[in-house]
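K.L.:
Pasting a structure below so you can have a look.
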Amino acid sequence: MSGIETIKIIVNAEKEAAKILEEAQNRASEIRKRLDSMIQEQREDMLRTARKEAATLVEEGEQKGKAEAAAYEKEAENDTRQILTRASTRKDQAVTKVVEAVLGLKA
Amino acid sequence: MSETSKFTEDILSAAKQKAQVIVSEAEVETYKALEEAKTHSGREAEDLVSSARAEAEGVKRRQISETRHKLKIQEQVEKSKILNEVLEQARKRIMDVVKDEGKYTPYLADLVENGVREIGLETVVVHLNGTDLKRIDRVKMERDIGKKLDRTVKIEWSKEPIETAGGAVISSTDGRTRIMSTLDQRLDALESKLLVEAGKILFGQ
C-alpha cells in the first residue's frame, strides 16, 4: 500500500469518527430537547391523578357528611319528639304556674 | 492486521466511546432533571390532595353543622309553639277567674288595697274596666279596704272605664302618680319571667 493510500484510509476513518460524534451530539441534543415536554407531561400526569384523588376525597366527605347528618337528624328528631311529648304532658302544670304568678293566687 | 487498519480501528473505537459518553451524559442529565421535577410536582400534587382532604372535612362538618342548626331552629319553633299555647291557655284561665266573681272580687280588692297602700295618699282614684265598674260593690270594697289599712281612705272611682281584662289602676287625684295593677300589665310585665318559669316546667328534666 502506498503512502497516499494509507493517508486516504486514515482521513476516511477520521471522517467517520467525526460523523459518529456528530450523530451522538445530535442524539444528546434530541434527548435534552425532549426534557421540557417530558417534565410537563410528568407534571400533568401527577396532577391529573392528584385532582382525581381530590375529587374523590371531597365526594367522600360530602357522602360522609350526609350520612352523619342523616343519622344525627334521626336521633335528634327522636329526642325532640320525646321532649315535646313530655312538655305536652306538663302543659297544664305550666299553665297553672303562669296563672298563679299573674294573679298571685291559686287558680 | 496491518498497522493502518489498527490505527483506523482505534480512531473509530475512540469516537464510539466518546459518542457513548455524550449520549449517556445527556441521558443522566435528563434523568436527574426529571427526578427533580418529579419531586416538585409530587409536592404540588400532595398540596392539592391535602387541600382536598381539608375541604372534604369542611364539607362534612358544614353538612352536620347545618343540620344541627336546622334542627335546633325546628326544636325552638316547636317549643315556642307550646309556650305560646301555655300563655294562651293561661290567659283563658285568668279570664275564667275574672268571670268568677267569688274568686275575682277578693282578688281585685287585694289589688286595690295594695295599690292604695303603695301610693300612700289619703285620697286616691281607682280606675276599673266597664264590667267591674258595674258589678263591684264599690262602697263595700272601700269600707273593707279602709278596715284592712286601719286608716281612713277616700276612694274616688273613675267613671271612665279603662281598657283592660281586669285589675285596676290606682292613681293620685292629679293623675301624676299611678300604680298599674291591671291583668294585662301584669301579664306583659311578667311575660319574660313567665316564659322562663313555664319553660323550666315544660322542658326541664
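Ligands are numbered from 1 in the order shown, residues from 1 within each chain, and chains are lettered A, B, ... in the order they appear in the C-alpha cells.
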Excluding Lys97 of chain A and any residue of its chain fewer than 2 positions from it, enumerate the residues within 9 Å of it, using only C-alpha atoms, and give them as a list of chain:residue names.
P.N.:
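Residues meeting the cut-off are A:Asp92, A:Gln93, A:Ala94, A:Val95, A:Val99, A:Glu100, A:Ala101, A:Val102, A:Lys106, A:Ala107, B:Ala90, B:Leu194, B:Glu197, B:Ala198, B:Ile201.
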K.L.:
Write a file of the just-selected residues containing C-alpha atoms, as a PDB file, in the first residue's frame.
P.N.:
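Result saved to selection20.pdb:
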ATOM      1  CA  ASP A  92    -101.381  22.037  82.481  1.00  0.00           C
ATOM      2  CA  GLN A  93     -98.842  22.369  85.294  1.00  0.00           C
ATOM      3  CA  ALA A  94     -97.166  25.238  83.424  1.00  0.00           C
ATOM      4  CA  VAL A  95    -100.494  26.983  82.788  1.00  0.00           C
ATOM      5  CA  VAL A  99    -101.903  31.864  86.261  1.00  0.00           C
ATOM      6  CA  GLU A 100    -100.703  31.742  89.862  1.00  0.00           C
ATOM      7  CA  ALA A 101     -97.817  34.057  89.066  1.00  0.00           C
ATOM      8  CA  VAL A 102    -100.065  36.603  87.332  1.00  0.00           C
ATOM      9  CA  LYS A 106    -104.274  29.539  93.497  1.00  0.00           C
ATOM     10  CA  ALA A 107    -106.064  29.203  90.163  1.00  0.00           C
TER      11      ALA A 107
ATOM     12  CA  ALA B  90    -103.248  30.834  80.995  1.00  0.00           C
ATOM     13  CA  LEU B 194     -93.266  33.536  82.977  1.00  0.00           C
ATOM     14  CA  GLU B 197     -90.667  29.536  84.526  1.00  0.00           C
ATOM     15  CA  ALA B 198     -93.011  27.744  82.156  1.00  0.00           C
ATOM     16  CA  ILE B 201     -91.569  23.098  83.899  1.00  0.00           C
TER      17      ILE B 201
END
K.L.:
Give me, as number ranges by chain, the residues of chain A touching chain B, with the criterion being at most 7 Å (counting only C-alpha atoms).
P.N.:
A: 6, 10, 13-14, 17, 20-21, 24-25, 27-28, 31-32, 35, 39, 43, 46-47, 50, 53-54, 57-58, 61-62, 64-66, 68-69, 73, 80, 83, 87, 90-91, 94-95, 98-99, 102
K.L.:
Quick one: DSSP strand (DSSP E or B) residues in segment 27-178 of chain B, as a ChimeraX atom specification?
P.N.:
/B:123-127,154-157,167-171,178
K.L.:
Those same residues, written as an mmCIF file, in the first residue's frame with C-alpha atoms?
P.N.:
data_model
loop_
_atom_site.group_PDB
_atom_site.id
_atom_site.type_symbol
_atom_site.label_atom_id
_atom_site.label_comp_id
_atom_site.auth_asym_id
_atom_site.auth_seq_id
_atom_site.Cartn_x
_atom_site.Cartn_y
_atom_site.Cartn_z
ATOM 1 C CA THR B 123 -107.493 60.225 98.581
ATOM 2 C CA VAL B 124 -106.926 58.061 95.558
ATOM 3 C CA VAL B 125 -108.621 57.477 92.236
ATOM 4 C CA VAL B 126 -109.312 53.889 91.214
ATOM 5 C CA HIS B 127 -109.835 53.073 87.547
ATOM 6 C CA LYS B 154 -111.178 58.151 100.332
ATOM 7 C CA ILE B 155 -111.531 56.347 97.061
ATOM 8 C CA GLU B 156 -112.805 58.178 94.047
ATOM 9 C CA TRP B 157 -113.995 55.682 91.458
ATOM 10 C CA GLY B 167 -107.491 44.575 87.664
ATOM 11 C CA ALA B 168 -107.212 48.268 88.424
ATOM 12 C CA VAL B 169 -105.171 51.429 88.053
ATOM 13 C CA ILE B 170 -104.744 53.363 91.284
ATOM 14 C CA SER B 171 -103.691 56.962 90.880
ATOM 15 C CA ARG B 178 -100.090 55.793 89.074
#
K.L.:
Please, which residues of chain B, numbered as in this document, come out helix (DSSP H, G or I) from DSSP, as a PyMOL selection string?
P.N.:
chain B and resi 3-99+101-119+130-135+138-149+183-203
K.L.:
Quote the spacing between atom CA of Met95 of chain B and atom CA of Arg117 of chain B in Å to one decimal place.
P.N.:
26.0 Å
